[in-house]
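Asker: The structure file protein.txt (compact mmCIF, C-alpha atoms) is provided below.
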```
# COMPACT_ATOMS: atom_id res chain seq x y z
CA MET P 287 128.09 53.69 79.95
CA ALA P 288 128.92 57.05 78.37
CA VAL P 289 125.26 57.99 77.86
CA GLU P 290 124.45 57.47 81.52
CA ASN P 291 127.60 59.33 82.60
CA ALA P 292 126.61 62.25 80.36
CA GLY P 293 123.43 62.67 82.42
CA ALA P 294 120.77 60.77 80.47
CA ASP P 295 117.65 60.05 82.51
CA ALA P 296 116.90 56.85 80.58
CA ILE P 297 118.07 54.85 77.57
CA GLU P 298 115.79 53.58 74.82
CA LEU P 299 117.09 50.62 72.84
CA ASN P 300 115.61 50.89 69.36
CA PHE P 301 115.22 47.26 68.31
CA SER P 302 112.57 48.30 65.88
CA CYS P 303 113.66 50.72 63.19
CA PRO P 304 112.90 49.51 59.66
CA HIS P 305 115.50 52.03 58.44
CA GLY P 306 118.18 50.57 60.72
CA MET P 307 120.13 48.66 58.09
CA PRO P 308 118.30 45.32 58.46
CA GLU P 309 120.58 43.89 55.80
CA ARG P 310 123.33 44.26 58.41
CA GLY P 311 121.26 42.64 61.14
CA VAL P 312 120.40 45.74 63.17
CA GLY P 313 117.25 47.77 63.90
CA ALA P 314 114.07 45.79 63.28
CA ALA P 315 116.17 42.74 62.39
CA ILE P 316 117.11 42.53 66.08
CA GLY P 317 113.58 43.18 67.30
CA GLN P 318 112.22 40.23 65.33
CA HIS P 319 114.25 37.70 67.35
CA ALA P 320 113.44 37.18 71.01
CA ASP P 321 116.84 35.71 71.81
CA LEU P 322 118.67 38.78 70.44
CA VAL P 323 116.32 41.17 72.25
CA ARG P 324 116.87 39.34 75.55
CA GLU P 325 120.64 39.10 75.14
CA LEU P 326 121.28 42.69 74.06
CA THR P 327 118.92 44.10 76.69
CA HIS P 328 120.72 42.02 79.32
CA VAL P 329 124.12 43.32 78.19
CA VAL P 330 123.02 46.96 78.40
CA ARG P 331 121.23 46.37 81.72
CA GLY P 332 124.52 45.03 83.05
CA VAL P 333 126.29 48.35 82.52
CA VAL P 334 123.63 50.98 83.29
CA GLU P 335 121.49 51.76 86.32
CA ILE P 336 119.12 54.30 84.76
CA PRO P 337 115.74 53.17 83.38
CA LEU P 338 116.07 51.01 80.29
CA ILE P 339 113.37 51.21 77.63
CA VAL P 340 113.09 48.72 74.77
CA LYS P 341 111.28 49.96 71.65
CA LEU P 342 109.44 47.14 69.90
CA THR P 343 108.77 46.58 66.23
CA PRO P 344 105.27 45.77 64.98
CA ASN P 345 106.85 43.72 62.20
CA VAL P 346 106.47 40.38 63.99
CA THR P 347 103.81 37.68 64.03
CA ASP P 348 103.41 37.69 67.84
CA ILE P 349 104.63 40.59 70.00
CA ILE P 350 104.40 38.75 73.34
CA PRO P 351 107.54 36.57 73.03
CA ILE P 352 109.54 39.66 72.02
CA ALA P 353 108.10 41.79 74.83
CA ARG P 354 108.69 39.02 77.36
CA ALA P 355 112.30 38.64 76.17
CA ALA P 356 112.89 42.36 76.67
CA THR P 357 111.60 42.23 80.25
CA GLU P 358 113.57 39.05 80.97
CA GLY P 359 116.66 40.87 79.72
CA GLY P 360 116.08 43.69 82.19
CA ALA P 361 113.92 46.28 80.42
CA ASP P 362 112.12 48.57 82.86
CA ILE P 363 109.72 49.96 80.23
CA LEU P 364 108.55 48.84 76.80
CA SER P 365 107.67 51.28 74.04
CA ALA P 366 105.41 50.16 71.24
CA ILE P 367 105.33 50.57 68.30
CA ASN P 368 107.83 51.83 65.79
CA SER P 369 107.10 52.28 62.10
CA VAL P 370 105.50 49.55 60.02
CA GLN P 371 107.82 48.26 57.30
CA CYS P 372 106.56 49.12 53.84
CA LEU P 373 107.36 49.87 50.24
CA MET P 374 106.20 53.41 49.57
CA GLY P 375 105.34 52.91 45.91
CA VAL P 376 106.59 52.23 42.41
CA ASN P 377 107.38 54.72 39.65
CA LEU P 378 105.14 53.36 36.90
CA ASP P 379 107.27 54.95 34.16
CA THR P 380 110.53 53.32 35.26
CA LEU P 381 109.16 50.49 37.46
CA GLU P 382 111.65 51.57 40.15
CA PRO P 383 110.62 51.28 43.78
CA LEU P 384 110.12 54.62 45.55
CA PRO P 385 111.87 56.51 46.85
CA SER P 386 114.68 56.02 44.38
CA VAL P 387 118.06 57.59 45.05
CA GLY P 388 120.51 57.09 42.22
CA GLY P 389 118.51 54.07 41.02
CA CYS P 390 118.54 52.43 44.45
CA SER P 391 115.71 51.95 46.89
CA THR P 392 114.87 50.06 50.04
CA TYR P 393 111.94 49.28 52.28
CA GLY P 394 111.11 52.00 54.74
CA GLY P 395 108.88 52.75 57.68
CA TYR P 396 105.27 53.89 57.53
CA SER P 397 104.08 56.04 60.42
CA GLY P 398 101.34 58.47 61.30
CA PRO P 399 97.59 58.05 61.85
CA ALA P 400 97.29 54.91 59.70
CA ILE P 401 99.36 52.83 62.15
CA LYS P 402 97.37 53.77 65.27
CA PRO P 403 95.17 50.64 65.14
CA ILE P 404 98.29 48.47 65.03
CA GLY P 405 99.86 50.36 67.92
CA LEU P 406 96.69 50.09 70.00
CA ARG P 407 96.55 46.34 69.38
CA VAL P 408 100.17 45.79 70.35
CA VAL P 409 99.94 47.92 73.52
CA SER P 410 96.73 46.13 74.50
CA GLN P 411 98.30 42.70 73.96
CA ILE P 412 101.36 43.54 76.05
CA ALA P 413 99.30 45.13 78.83
CA GLN P 414 97.17 42.00 79.12
CA GLU P 415 100.21 39.71 79.41
CA LEU P 416 103.04 41.54 81.17
CA PRO P 417 103.19 43.72 84.30
CA VAL P 418 105.49 46.37 82.81
CA PRO P 419 105.04 50.08 82.08
CA ILE P 420 104.31 50.65 78.39
CA MET P 421 104.88 53.78 76.33
CA GLY P 422 102.26 53.87 73.58
CA ILE P 423 103.42 55.05 70.17
CA GLY P 424 101.92 55.24 66.72
CA GLY P 425 99.55 57.67 65.08
CA ILE P 426 99.05 59.95 68.06
CA SER P 427 98.01 63.38 66.84
CA SER P 428 95.40 64.45 69.41
CA TRP P 429 94.59 64.10 73.08
CA GLN P 430 91.90 61.60 72.09
CA ASP P 431 94.52 59.37 70.46
CA ALA P 432 96.65 59.56 73.61
CA ALA P 433 93.61 58.74 75.75
CA GLU P 434 92.91 55.65 73.64
CA TYR P 435 96.45 54.37 74.25
CA ILE P 436 96.07 54.97 77.98
CA ALA P 437 92.69 53.19 77.93
CA VAL P 438 94.26 50.03 76.48
CA GLY P 439 97.17 49.95 78.93
CA ALA P 440 99.82 52.54 78.10
CA SER P 441 101.45 54.29 81.06
CA ALA P 442 102.69 57.11 78.84
CA VAL P 443 102.64 58.08 75.18
CA GLN P 444 105.32 59.20 72.74
CA VAL P 445 104.48 61.63 69.95
CA CYS P 446 106.75 62.12 66.97
CA THR P 447 105.35 62.06 63.43
CA SER P 448 102.64 64.68 63.98
CA ILE P 449 105.14 66.92 65.76
CA VAL P 450 107.88 66.43 63.17
CA SER P 451 105.44 67.25 60.40
CA SER P 452 104.78 70.47 62.31
CA ASN P 453 108.54 71.21 62.45
CA HIS P 454 108.86 70.55 66.18
CA LEU P 455 110.88 68.06 68.21
CA CYS P 456 109.64 64.66 69.36
CA ILE P 457 108.27 64.63 72.91
CA TYR P 458 107.31 62.14 75.58
CA ILE P 459 104.09 62.66 77.51
CA ALA P 460 103.91 60.84 80.83
CA VAL P 461 100.56 60.31 82.45
CA GLY P 462 99.33 59.09 85.80
CA ALA P 463 101.43 57.92 88.65
```
Please render this file's structure as structure tokens.

Answerer:
Amino acid sequence: MAVENAGADAIELNFSCPHGMPERGVGAAIGQHADLVRELTHVVRGVVEIPLIVKLTPNVTDIIPIARAATEGGADILSAINSVQCLMGVNLDTLEPLPSVGGCSTYGGYSGPAIKPIGLRVVSQIAQELPVPIMGIGGISSWQDAAEYIAVGASAVQVCTSIVSSNHLCIYIAVGA
């Protein structure tokens, strides 16, 4: 695969983005179907040797069948969670959903501190059921937040929203060995 040949240390399959054109069957639309997660993970695993991470969506009723499908497909690591699908609001003067761009809107992803309890639950559920490294994501803005994820089973944490809102790049923080 071109990404591996370019020198990537790992690949993260984002089967979780609520912005990923779900109307076209990608992003979170993939991550809501265990069979698609398994099949697509298996296809990528068949062409790369570097670690393969599958990023899971919280927008499912039960995360375990999706997580299990990812590992059955060949995922080395699971990352959980991505944004929670939402509707940001409604303009009460026009009754248009927000944000509105040229009179059009769509559902988006909610992130930041408010989704931490969801992320902790999902990481905890996966850690109790599957023997796979887990990257905890969602609402991490302090070392205490990271420690909570580690306490419930995360092997590492990923920080993005709090860093992006500070005009920095997303980072991965690995812990333990």

Asker: For P:Ile339, which residue among P:Asp379, P:Glu415, P:Asp362, P:Glu290 is the nearest when counting only C-alpha atoms?

Answerer: P:Asp362

Asker: What does the structure give for the distance between atom CA of P:Gly422 and atom CA of P:Ala440, in Å to one decimal?

Answerer: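 According to the coordinates, atom CA of P:Gly422 and atom CA of P:Ala440 are separated by 5.3 Å.
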
Asker: Of the candidates P:Val418, P:Ile423, P:Ala400, P:Val340, which shows the shortest atom-to-atom distance to P:Gly317, using only C-alpha atoms?

Answerer: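 Of all the options, P:Val340 lies closest to P:Gly317.
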
Asker: What separation in Å, quoted to one decimal, exists between atom CA of P:Pro344 and atom CA of P:Asn368?

Answerer: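 Separating atom CA of P:Pro344 from atom CA of P:Asn368 is a distance of 6.6 Å.
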
Asker: Would you kindly return, as a VMD selection string, each protein, DNA or RNA residue with an atom no farther than 10 Å from any atom of P:Val334, considering all atoms listed in the file and excluding same-chain residues fewer than 5 positions away?

Answerer: chain P and resid 287 to 291 296 to 297 329

Asker: Please write the residues from the selection above to a file, keeping C-alpha atoms, as a PDB file, keeping the file's coordinate frame.

Answerer:
```pdb
ATOM      1  CA  MET P 287     128.090  53.690  79.950  1.00  0.00           C
ATOM      2  CA  ALA P 288     128.920  57.050  78.370  1.00  0.00           C
ATOM      3  CA  VAL P 289     125.260  57.990  77.860  1.00  0.00           C
ATOM      4  CA  GLU P 290     124.450  57.470  81.520  1.00  0.00           C
ATOM      5  CA  ASN P 291     127.600  59.330  82.600  1.00  0.00           C
ATOM      6  CA  ALA P 296     116.900  56.850  80.580  1.00  0.00           C
ATOM      7  CA  ILE P 297     118.070  54.850  77.570  1.00  0.00           C
ATOM      8  CA  VAL P 329     124.120  43.320  78.190  1.00  0.00           C
TER       9      VAL P 329
END
```
